[in-house]
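Participant: Structure file final11.cif (mmCIF, C-alpha atoms and all ligand atoms) right here:
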```cif
data_run
#
loop_
_atom_site.label_atom_id
_atom_site.label_comp_id
_atom_site.auth_asym_id
_atom_site.auth_seq_id
_atom_site.Cartn_x
_atom_site.Cartn_y
_atom_site.Cartn_z
CA MET T 14 9.09 15.01 8.90
CA LYS T 15 7.97 14.02 5.40
CA ASN T 16 10.35 16.61 3.91
CA PHE T 17 13.18 15.11 5.96
CA ARG T 18 12.38 11.61 4.66
CA ARG T 19 12.21 12.92 1.11
CA SER T 20 15.63 14.62 1.45
CA TYR T 21 17.04 11.40 2.90
CA TYR T 22 15.85 9.41 -0.13
CA ASN T 23 17.13 12.12 -2.51
CA ALA T 24 20.62 11.81 -0.99
CA PHE T 25 20.42 8.00 -0.93
CA SER T 26 19.39 7.82 -4.61
CA ARG T 27 22.98 8.26 -5.84
CA PHE T 28 24.16 4.93 -4.46
CA TYR T 29 20.83 3.18 -3.84
CA ASP T 30 21.10 0.60 -6.68
CA LYS T 31 24.62 -0.47 -5.63
CA PHE T 32 23.48 -0.76 -2.00
CA VAL T 33 20.51 -2.96 -2.96
CA ALA T 34 22.69 -5.24 -5.09
CA LEU T 35 25.05 -5.77 -2.14
CA HIS T 36 22.36 -6.08 0.50
CA SER T 37 20.14 -8.55 -1.33
CA VAL T 38 22.88 -10.45 -3.23
CA ASP T 39 20.79 -9.57 -6.24
CA THR T 40 23.29 -8.33 -8.80
CA GLN T 41 21.44 -10.10 -11.64
CA GLY T 42 18.03 -8.84 -10.65
CA ALA T 43 16.99 -12.47 -10.02
CA LEU T 44 14.77 -11.52 -7.10
CA ARG T 45 13.01 -8.80 -9.06
CA ARG T 46 12.54 -11.24 -11.94
CA PHE T 47 11.03 -13.77 -9.51
CA PHE T 48 8.73 -11.06 -8.11
CA SER T 49 7.67 -9.87 -11.54
CA ASP T 50 6.89 -13.47 -12.59
CA LYS T 51 4.37 -13.62 -9.73
CA VAL T 52 2.52 -10.51 -10.93
CA PRO T 53 -0.49 -11.85 -12.88
CA VAL T 54 -0.70 -9.37 -15.76
CA LYS T 55 -0.95 -9.80 -19.50
CA GLU T 56 -0.24 -7.86 -22.70
CA GLY T 57 -1.94 -4.47 -22.72
CA ASP T 58 -2.44 -4.25 -18.93
CA PHE T 59 -1.86 -1.16 -16.76
CA VAL T 60 0.37 -1.68 -13.71
CA LEU T 61 1.20 0.77 -10.92
CA ASP T 62 4.39 0.38 -8.86
CA ILE T 63 4.24 2.53 -5.72
CA CYS T 64 7.40 3.81 -3.98
CA THR T 65 9.20 2.76 -7.15
CA GLY T 66 12.56 4.30 -6.17
CA THR T 67 14.90 4.04 -9.16
CA GLY T 68 12.27 1.97 -11.00
CA SER T 69 14.25 -1.29 -11.12
CA VAL T 70 11.18 -3.54 -11.06
CA LEU T 71 9.57 -1.60 -13.94
CA LEU T 72 12.11 -3.05 -16.36
CA PHE T 73 10.80 -6.55 -15.65
CA LEU T 74 7.11 -5.64 -15.49
CA ARG T 75 7.24 -3.83 -18.83
CA GLU T 76 8.23 -7.06 -20.60
CA LYS T 77 4.97 -8.66 -19.42
CA ILE T 78 2.56 -5.94 -20.51
CA GLY T 79 4.13 -5.30 -23.92
CA PRO T 80 3.98 -2.13 -26.06
CA LYS T 81 0.21 -1.65 -25.63
CA GLY T 82 0.36 -1.73 -21.82
CA LEU T 83 1.80 0.78 -19.37
CA VAL T 84 3.80 0.49 -16.17
CA VAL T 85 3.64 3.60 -13.98
CA GLY T 86 6.17 4.12 -11.19
CA VAL T 87 5.29 6.61 -8.41
CA ASP T 88 7.70 8.04 -5.86
CA PHE T 89 8.05 11.31 -3.93
CA SER T 90 11.86 11.48 -4.24
CA ARG T 91 12.99 13.49 -7.25
CA GLY T 92 16.51 12.07 -6.82
CA MET T 93 15.29 8.46 -7.07
CA LEU T 94 13.08 9.30 -10.06
CA LYS T 95 15.98 11.03 -11.85
CA VAL T 96 18.08 7.85 -11.62
CA GLY T 97 14.99 5.86 -12.71
CA GLN T 98 14.44 8.15 -15.70
CA GLU T 99 17.99 7.52 -16.89
CA LYS T 100 17.56 3.73 -16.59
CA ASN T 101 14.11 3.52 -18.16
CA LYS T 102 14.11 6.34 -20.72
CA MET T 103 14.24 4.20 -23.86
CA TYR T 104 10.96 2.41 -23.08
CA VAL T 105 7.63 3.88 -24.20
CA ASN T 106 5.62 1.62 -21.89
CA ILE T 107 7.18 3.02 -18.70
CA SER T 108 6.10 6.26 -17.07
CA LEU T 109 7.41 7.86 -13.86
CA VAL T 110 5.28 10.16 -11.71
CA GLU T 111 6.38 12.31 -8.76
CA SER T 112 3.82 12.04 -5.99
CA ASP T 113 3.34 11.16 -2.37
CA VAL T 114 1.69 7.74 -2.35
CA THR T 115 -0.82 8.78 0.31
CA TYR T 116 -2.60 10.43 -2.60
CA LEU T 117 -2.37 8.54 -5.88
CA PRO T 118 -3.10 10.94 -8.74
CA PHE T 119 -5.21 8.43 -10.70
CA LYS T 120 -8.89 7.72 -11.28
CA PRO T 121 -10.64 4.83 -9.47
CA ASN T 122 -10.47 1.34 -11.06
CA GLU T 123 -7.59 2.26 -13.36
CA PHE T 124 -4.99 -0.50 -12.79
CA ASP T 125 -4.80 -4.25 -13.42
CA ALA T 126 -2.22 -4.64 -10.64
CA VAL T 127 -0.48 -2.51 -8.02
CA THR T 128 2.99 -3.52 -6.84
CA CYS T 129 5.34 -2.38 -4.08
CA THR T 130 8.82 -3.76 -3.41
CA HIS T 131 10.86 -3.26 -0.24
CA ALA T 132 9.16 0.01 0.63
CA PHE T 133 5.98 -0.73 2.62
CA TYR T 134 7.85 -1.12 5.93
CA GLU T 135 9.34 2.35 5.47
CA LEU T 136 5.93 4.01 5.52
CA LYS T 137 4.61 5.21 8.88
CA GLY T 138 1.59 3.41 10.34
CA GLU T 139 -1.04 5.99 9.41
CA THR T 140 0.60 6.40 5.98
CA GLN T 141 0.32 2.64 5.40
CA ASP T 142 -3.42 2.79 6.08
CA ARG T 143 -3.93 5.71 3.72
CA VAL T 144 -1.86 4.02 1.02
CA LEU T 145 -3.78 0.75 1.32
CA LYS T 146 -7.06 2.65 0.91
CA GLU T 147 -5.67 4.39 -2.17
CA ILE T 148 -4.45 1.08 -3.65
CA VAL T 149 -7.93 -0.43 -3.27
CA ARG T 150 -9.43 2.68 -4.91
CA VAL T 151 -7.21 2.62 -8.03
CA LEU T 152 -7.34 -1.17 -8.57
CA LYS T 153 -9.93 -2.64 -10.93
CA ALA T 154 -12.34 -5.05 -9.20
CA GLY T 155 -10.72 -8.37 -8.30
CA LYS T 156 -7.24 -7.29 -9.38
CA PRO T 157 -4.23 -7.82 -7.11
CA PHE T 158 -1.90 -5.81 -4.91
CA ILE T 159 1.45 -7.62 -4.79
CA MET T 160 4.04 -6.60 -2.25
CA MET T 161 7.58 -7.84 -1.60
CA GLU T 162 9.16 -7.20 1.78
CA HIS T 163 12.15 -8.37 3.78
CA ASP T 164 11.40 -11.36 5.99
CA VAL T 165 12.90 -11.53 9.48
CA PRO T 166 16.60 -12.22 8.70
CA LYS T 167 18.38 -15.28 10.11
CA SER T 168 21.71 -13.49 10.64
CA ALA T 169 21.81 -11.60 13.97
CA LEU T 170 23.52 -8.50 12.54
CA ILE T 171 21.12 -8.14 9.59
CA ARG T 172 18.25 -8.80 12.01
CA VAL T 173 19.26 -5.72 14.05
CA LEU T 174 19.21 -3.60 10.86
CA PHE T 175 15.84 -5.09 9.92
CA TYR T 176 14.36 -4.19 13.31
CA ILE T 177 15.77 -0.63 13.13
CA ARG T 178 14.06 -0.20 9.76
CA LEU T 179 10.82 -1.69 11.00
CA PHE T 180 10.75 0.43 14.15
CA SER T 181 11.26 3.60 12.10
CA MET T 182 7.51 3.29 11.36
CA GLY T 183 6.81 3.65 15.08
CA ALA T 184 7.18 0.98 17.79
CA LYS T 185 3.46 0.24 18.12
CA ARG T 186 3.05 -0.35 14.40
CA ALA T 187 6.27 -2.38 14.18
CA PHE T 188 5.11 -4.84 16.86
CA TYR T 189 1.71 -5.02 15.22
CA ILE T 190 3.11 -5.70 11.75
CA LEU T 191 5.47 -8.38 13.07
CA LYS T 192 2.58 -10.23 14.70
CA HIS T 193 -0.33 -9.41 12.47
CA GLU T 194 0.82 -8.42 8.98
CA THR T 195 -1.67 -10.69 7.28
CA ARG T 196 -4.45 -9.33 9.50
CA THR T 197 -3.49 -5.73 8.56
CA LEU T 198 -3.68 -6.57 4.87
CA LYS T 199 -6.92 -8.49 5.43
CA GLY T 200 -8.41 -5.21 6.68
CA TYR T 201 -8.30 -4.12 3.02
CA PHE T 202 -8.25 -7.36 1.00
CA ARG T 203 -10.40 -10.48 1.23
CA VAL T 204 -7.63 -12.89 0.17
CA VAL T 205 -4.01 -12.57 1.36
CA LYS T 206 -1.43 -15.19 0.39
CA LYS T 207 2.24 -15.32 1.43
CA ILE T 208 4.92 -16.75 -0.88
CA PRO T 209 8.59 -17.22 0.11
CA THR T 210 11.33 -16.17 -2.32
CA PRO T 211 14.38 -18.25 -3.40
CA THR T 212 16.77 -16.02 -1.42
CA GLY T 213 14.86 -16.79 1.80
CA ARG T 214 15.37 -13.13 2.75
CA SER T 215 12.23 -11.66 1.24
CA LYS T 216 8.59 -12.66 1.11
CA ILE T 217 5.83 -11.82 -1.35
CA MET T 218 2.28 -11.04 -0.26
CA ILE T 219 -0.44 -11.37 -2.90
CA CYS T 220 -3.67 -9.61 -1.91
CA ARG T 221 -6.99 -9.30 -3.76
CA ASN T 222 -10.68 -8.65 -3.28
C1 LIG I 301 13.71 1.38 0.03
S1 LIG I 301 13.16 2.34 -1.34
C2 LIG I 301 12.45 1.06 -2.36
C3 LIG I 301 12.50 1.42 -3.82
C4 LIG I 301 12.05 0.34 -4.80
N1 LIG I 301 10.68 -0.06 -4.62
C5 LIG I 301 12.96 -0.86 -4.81
O1 LIG I 301 12.49 -1.99 -4.61
O2 LIG I 301 14.16 -0.68 -5.06
C6 LIG I 301 11.74 3.16 -0.70
C7 LIG I 301 11.19 4.20 -1.65
O3 LIG I 301 9.94 4.65 -1.14
C8 LIG I 301 9.81 6.04 -1.43
N2 LIG I 301 8.82 6.62 -0.49
C9 LIG I 301 8.83 6.58 0.86
N3 LIG I 301 7.75 7.19 1.36
C10 LIG I 301 7.03 7.64 0.30
C11 LIG I 301 5.81 8.35 0.16
N4 LIG I 301 5.09 8.73 1.23
N5 LIG I 301 5.37 8.66 -1.09
C12 LIG I 301 6.09 8.28 -2.19
N6 LIG I 301 7.26 7.59 -2.12
C13 LIG I 301 7.72 7.28 -0.89
C14 LIG I 301 11.23 6.58 -1.25
O4 LIG I 301 11.44 7.80 -1.91
C15 LIG I 301 12.07 5.45 -1.82
O5 LIG I 301 12.35 5.64 -3.18
#
```
Starting from the file, give its structure as structure tokens.
Facilitator:
Amino acid sequence: MKNFRRSYYNAFSRFYDKFVALHSVDTQGALRRFFSDKVPVKEGDFVLDICTGTGSVLLFLREKIGPKGLVVGVDFSRGMLKVGQEKNKMYVNISLVESDVTYLPFKPNEFDAVTCTHAFYELKGETQDRVLKEIVRVLKAGKPFIMMEHDVPKSALIRVLFYIRLFSMGAKRAFYILKHETRTLKGYFRVVKKIPTPTGRSKIMICRN
């Protein structure tokens, strides 16, 4: 199943950026800029972006951590990472790593922030739990996990697509996440705060211990 998902993302990688720009009306990267502004990091910090895809958010995060910091993007799709490599290759403070996020190939307490944009709902229920454990392990004490996800869309057609995506993680988990997302995150983090985004289509969850 995982190999199927990986092949799907590899095929999707060729037109993924164009699809996102259309879907989120985000041609200028305004939403990613807004997200990155909410990530509380400073010059010299280490940031990990899980399920980074083509690494679009890395371009914004790298500006915040400067030349002495490092932003690491992890993804299991070689296709997505190849597109990301092309986009990010001129920056020394960006690194891309091929890995399944259920095992993060890093030492404990290594990162000043972990981020994840529009990917968490695509992970299966048990995968989400394993990933959350891994995020807690690699974060330095008190440092945040910041996640951006689609909120329930107002338009009926987009809402159907949203539910299809959500239910691809399994019906039980989908219902649970819809009702108890904050509670799920609170299983791993002491403080969970929800922030709306200017588009009204996505939400940001800031979690820390
Ligand atoms: C919808 S894309 C989001 C990409 C990016 N974060 C963005 O905002 O554009 C989901 C990404 O998650 C990755 N992914 C899904 N399951 C994964 C897993 N178990 N390990 C690593 N990456 C995974 C896919 O390869 C894909 O690139």
Participant: Please identify all protein, DNA and RNA residues within 8 Å of ligand LIG 301 (chain I), counting all atoms listed in the file, and report them as a PyMOL selection string.
Facilitator: chain T and resi 15+18-19+22-23+26+29-30+33+62-70+87-91+93-94+111-115+129-133+135-136+140
Participant: Rounded to one decimal, what separation in Å do you get between CA of Lys120 (chain T) and CA of Cys220 (chain T)?
Facilitator: 20.4 Å
Participant: Just how far from CA of Ile107 (chain T) is CA of Glu56 (chain T), in Å to one decimal?
Facilitator: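 Calculated distance between CA of Glu56 (chain T) and CA of Ile107 (chain T) is 13.8 Å.
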Participant: Using only C-alpha atoms, which protein or nucleic acid residues come within 10 Å of region 208-215 of chain T? Drop anything in the same chain fewer than 5 positions from it, and give the result as a list in words.
Facilitator: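 Surrounding residues, per the criterion: Ser37, Val38, Asp39, Ala43, Leu44, Phe47, Phe48, Lys51, Thr130, His131, Met161, Glu162, His163, Asp164, Val165, Pro166 and Lys167 of chain T.
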Participant: Please report as a Markdown table every residue of region 45-88 of chain T lying within 12 Å of region 101-104 of chain T, along with the nearest atom pair and their distance in Å (one decimal), using only C-alpha atoms.
Facilitator:
```
| residue | atom | partner | partner_atom | distance |
| --- | --- | --- | --- | --- |
| T:Thr67 | CA | T:Asn101 | CA | 9.0 |
| T:Gly68 | CA | T:Asn101 | CA | 7.6 |
| T:Ser69 | CA | T:Asn101 | CA | 8.5 |
| T:Val70 | CA | T:Asn101 | CA | 10.4 |
| T:Leu71 | CA | T:Asn101 | CA | 8.0 |
| T:Leu72 | CA | T:Asn101 | CA | 7.1 |
| T:Phe73 | CA | T:Asn101 | CA | 10.9 |
| T:Leu74 | CA | T:Tyr104 | CA | 11.7 |
| T:Arg75 | CA | T:Tyr104 | CA | 8.4 |
| T:Glu76 | CA | T:Tyr104 | CA | 10.2 |
| T:Gly79 | CA | T:Tyr104 | CA | 10.3 |
| T:Pro80 | CA | T:Tyr104 | CA | 8.8 |
| T:Lys81 | CA | T:Tyr104 | CA | 11.8 |
| T:Gly82 | CA | T:Tyr104 | CA | 11.4 |
| T:Leu83 | CA | T:Tyr104 | CA | 10.0 |
| T:Val84 | CA | T:Tyr104 | CA | 10.1 |
| T:Val85 | CA | T:Asn101 | CA | 11.3 |
| T:Gly86 | CA | T:Asn101 | CA | 10.6 |
```
Participant: Could you tell me which of T:Lys206, T:Lys31, T:Lys192, T:Lys146 comes closest to Pro121 (chain T) if we count all atoms listed in the file?
Facilitator: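 Comparing T:Lys206, T:Lys31, T:Lys192, T:Lys146 against Pro121 (chain T), the winner is T:Lys146.
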Participant: Separation of CA of Ser49 (chain T) and CA of Phe158 (chain T), in Å?
Facilitator: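 Result for CA of Ser49 (chain T) versus CA of Phe158 (chain T): 12.3 Å, one decimal.
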Participant: With all atoms listed in the file as the atoms that count, which of T:Val105, T:Lys153, T:Glu139, T:Val173 lies nearest to Arg186 (chain T)?
Facilitator: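 Once distances to Arg186 (chain T) are computed over all atoms listed in the file, the minimum belongs to T:Glu139.
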Participant: Taking only C-alpha atoms into account, which of T:Pro118, T:Lys137, T:Leu170, T:Val96 comes nearest Ile190 (chain T)?
Facilitator: T:Lys137
Participant: Could you tell me which of T:Tyr134, T:Leu61, T:Gly155, T:Met160 comes closest to Phe119 (chain T) if we count all atoms listed in the file?
Facilitator: T:Leu61
Participant: Residues near Val60 (chain T), anyone? I mean within 6 Å using only C-alpha atoms, not counting same-chain ones fewer than 2 positions away, as a PyMOL selection string.
Facilitator: chain T and resi 84+124-127
Participant: Using all atoms listed in the file, pick whichever of T:Arg178, T:Lys77, T:Arg46, T:Lys156 has the shortest atom-to-atom distance to Val204 (chain T).
Facilitator: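 That would be T:Lys156, the residue with the smallest distance to Val204 (chain T).
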Participant: For Gln141 (chain T), which residue among T:Ser108, T:Asn16, T:Ser168, T:Thr197 is the nearest when counting all atoms listed in the file?
Facilitator: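 So, comparing all the options, the nearest one is T:Thr197.
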Participant: Could you write region 75-105 of chain T as a PDB file, in the coordinates of the input, with N, CA and C atoms rebuilt where they are missing?
Facilitator:
```
ATOM      1  N   ARG T  75       7.539  -4.330 -17.486  1.00  0.00           N
ATOM      2  CA  ARG T  75       7.240  -3.830 -18.830  1.00  0.00           C
ATOM      3  C   ARG T  75       7.285  -4.944 -19.879  1.00  0.00           C
ATOM      4  N   GLU T  76       8.129  -5.937 -19.636  1.00  0.00           N
ATOM      5  CA  GLU T  76       8.230  -7.060 -20.600  1.00  0.00           C
ATOM      6  C   GLU T  76       6.916  -7.836 -20.635  1.00  0.00           C
ATOM      7  N   LYS T  77       6.198  -7.866 -19.491  1.00  0.00           N
ATOM      8  CA  LYS T  77       4.970  -8.660 -19.420  1.00  0.00           C
ATOM      9  C   LYS T  77       3.784  -7.972 -20.070  1.00  0.00           C
ATOM     10  N   ILE T  78       3.763  -6.640 -20.039  1.00  0.00           N
ATOM     11  CA  ILE T  78       2.560  -5.940 -20.510  1.00  0.00           C
ATOM     12  C   ILE T  78       2.699  -5.462 -21.969  1.00  0.00           C
ATOM     13  N   GLY T  79       3.920  -5.579 -22.498  1.00  0.00           N
ATOM     14  CA  GLY T  79       4.130  -5.300 -23.920  1.00  0.00           C
ATOM     15  C   GLY T  79       3.926  -3.840 -24.307  1.00  0.00           C
ATOM     16  N   PRO T  80       4.024  -3.526 -25.609  1.00  0.00           N
ATOM     17  CA  PRO T  80       3.980  -2.130 -26.060  1.00  0.00           C
ATOM     18  C   PRO T  80       2.615  -1.459 -25.893  1.00  0.00           C
ATOM     19  N   LYS T  81       1.541  -2.260 -25.785  1.00  0.00           N
ATOM     20  CA  LYS T  81       0.210  -1.650 -25.630  1.00  0.00           C
ATOM     21  C   LYS T  81      -0.154  -1.378 -24.172  1.00  0.00           C
ATOM     22  N   GLY T  82       0.622  -1.942 -23.244  1.00  0.00           N
ATOM     23  CA  GLY T  82       0.360  -1.730 -21.820  1.00  0.00           C
ATOM     24  C   GLY T  82       1.189  -0.563 -21.300  1.00  0.00           C
ATOM     25  N   LEU T  83       1.032  -0.307 -19.999  1.00  0.00           N
ATOM     26  CA  LEU T  83       1.800   0.780 -19.370  1.00  0.00           C
ATOM     27  C   LEU T  83       2.133   0.419 -17.923  1.00  0.00           C
ATOM     28  N   VAL T  84       3.392   0.645 -17.562  1.00  0.00           N
ATOM     29  CA  VAL T  84       3.800   0.490 -16.170  1.00  0.00           C
ATOM     30  C   VAL T  84       4.121   1.878 -15.643  1.00  0.00           C
ATOM     31  N   VAL T  85       3.435   2.265 -14.559  1.00  0.00           N
ATOM     32  CA  VAL T  85       3.640   3.600 -13.980  1.00  0.00           C
ATOM     33  C   VAL T  85       4.341   3.441 -12.631  1.00  0.00           C
ATOM     34  N   GLY T  86       5.456   4.126 -12.470  1.00  0.00           N
ATOM     35  CA  GLY T  86       6.170   4.120 -11.190  1.00  0.00           C
ATOM     36  C   GLY T  86       5.941   5.442 -10.471  1.00  0.00           C
ATOM     37  N   VAL T  87       5.530   5.380  -9.192  1.00  0.00           N
ATOM     38  CA  VAL T  87       5.290   6.610  -8.410  1.00  0.00           C
ATOM     39  C   VAL T  87       6.254   6.674  -7.236  1.00  0.00           C
ATOM     40  N   ASP T  88       6.815   7.842  -7.019  1.00  0.00           N
ATOM     41  CA  ASP T  88       7.700   8.040  -5.860  1.00  0.00           C
ATOM     42  C   ASP T  88       7.725   9.538  -5.538  1.00  0.00           C
ATOM     43  N   PHE T  89       8.002   9.877  -4.257  1.00  0.00           N
ATOM     44  CA  PHE T  89       8.050  11.310  -3.930  1.00  0.00           C
ATOM     45  C   PHE T  89       9.470  11.870  -3.942  1.00  0.00           C
ATOM     46  N   SER T  90      10.469  11.000  -4.227  1.00  0.00           N
ATOM     47  CA  SER T  90      11.860  11.480  -4.240  1.00  0.00           C
ATOM     48  C   SER T  90      12.302  11.799  -5.672  1.00  0.00           C
ATOM     49  N   ARG T  91      12.557  13.073  -5.912  1.00  0.00           N
ATOM     50  CA  ARG T  91      12.990  13.490  -7.250  1.00  0.00           C
ATOM     51  C   ARG T  91      14.330  12.843  -7.611  1.00  0.00           C
ATOM     52  N   GLY T  92      15.186  12.682  -6.591  1.00  0.00           N
ATOM     53  CA  GLY T  92      16.510  12.070  -6.820  1.00  0.00           C
ATOM     54  C   GLY T  92      16.357  10.646  -7.334  1.00  0.00           C
ATOM     55  N   MET T  93      15.513   9.855  -6.650  1.00  0.00           N
ATOM     56  CA  MET T  93      15.290   8.460  -7.070  1.00  0.00           C
ATOM     57  C   MET T  93      14.717   8.438  -8.488  1.00  0.00           C
ATOM     58  N   LEU T  94      13.743   9.301  -8.744  1.00  0.00           N
ATOM     59  CA  LEU T  94      13.080   9.300 -10.060  1.00  0.00           C
ATOM     60  C   LEU T  94      14.066   9.704 -11.176  1.00  0.00           C
ATOM     61  N   LYS T  95      15.003  10.596 -10.845  1.00  0.00           N
ATOM     62  CA  LYS T  95      15.980  11.030 -11.850  1.00  0.00           C
ATOM     63  C   LYS T  95      16.857   9.841 -12.277  1.00  0.00           C
ATOM     64  N   VAL T  96      17.284   9.047 -11.290  1.00  0.00           N
ATOM     65  CA  VAL T  96      18.080   7.850 -11.620  1.00  0.00           C
ATOM     66  C   VAL T  96      17.195   6.885 -12.434  1.00  0.00           C
ATOM     67  N   GLY T  97      15.934   6.742 -12.010  1.00  0.00           N
ATOM     68  CA  GLY T  97      14.990   5.860 -12.710  1.00  0.00           C
ATOM     69  C   GLY T  97      14.762   6.296 -14.144  1.00  0.00           C
ATOM     70  N   GLN T  98      14.670   7.601 -14.355  1.00  0.00           N
ATOM     71  CA  GLN T  98      14.440   8.150 -15.700  1.00  0.00           C
ATOM     72  C   GLN T  98      15.576   7.761 -16.632  1.00  0.00           C
ATOM     73  N   GLU T  99      16.787   7.865 -16.109  1.00  0.00           N
ATOM     74  CA  GLU T  99      17.990   7.520 -16.890  1.00  0.00           C
ATOM     75  C   GLU T  99      17.946   6.045 -17.289  1.00  0.00           C
ATOM     76  N   LYS T 100      17.556   5.178 -16.336  1.00  0.00           N
ATOM     77  CA  LYS T 100      17.560   3.730 -16.590  1.00  0.00           C
ATOM     78  C   LYS T 100      16.450   3.288 -17.544  1.00  0.00           C
ATOM     79  N   ASN T 101      15.310   3.994 -17.463  1.00  0.00           N
ATOM     80  CA  ASN T 101      14.110   3.520 -18.160  1.00  0.00           C
ATOM     81  C   ASN T 101      13.728   4.354 -19.385  1.00  0.00           C
ATOM     82  N   LYS T 102      14.554   5.336 -19.740  1.00  0.00           N
ATOM     83  CA  LYS T 102      14.110   6.340 -20.720  1.00  0.00           C
ATOM     84  C   LYS T 102      13.833   5.800 -22.127  1.00  0.00           C
ATOM     85  N   MET T 103      14.453   4.678 -22.476  1.00  0.00           N
ATOM     86  CA  MET T 103      14.240   4.200 -23.860  1.00  0.00           C
ATOM     87  C   MET T 103      12.943   3.400 -24.030  1.00  0.00           C
ATOM     88  N   TYR T 104      12.163   3.236 -22.965  1.00  0.00           N
ATOM     89  CA  TYR T 104      10.960   2.410 -23.080  1.00  0.00           C
ATOM     90  C   TYR T 104       9.682   3.263 -23.074  1.00  0.00           C
ATOM     91  N   VAL T 105       8.850   3.069 -24.111  1.00  0.00           N
ATOM     92  CA  VAL T 105       7.630   3.880 -24.200  1.00  0.00           C
ATOM     93  C   VAL T 105       6.539   3.379 -23.243  1.00  0.00           C
TER      94      VAL T 105
END
```
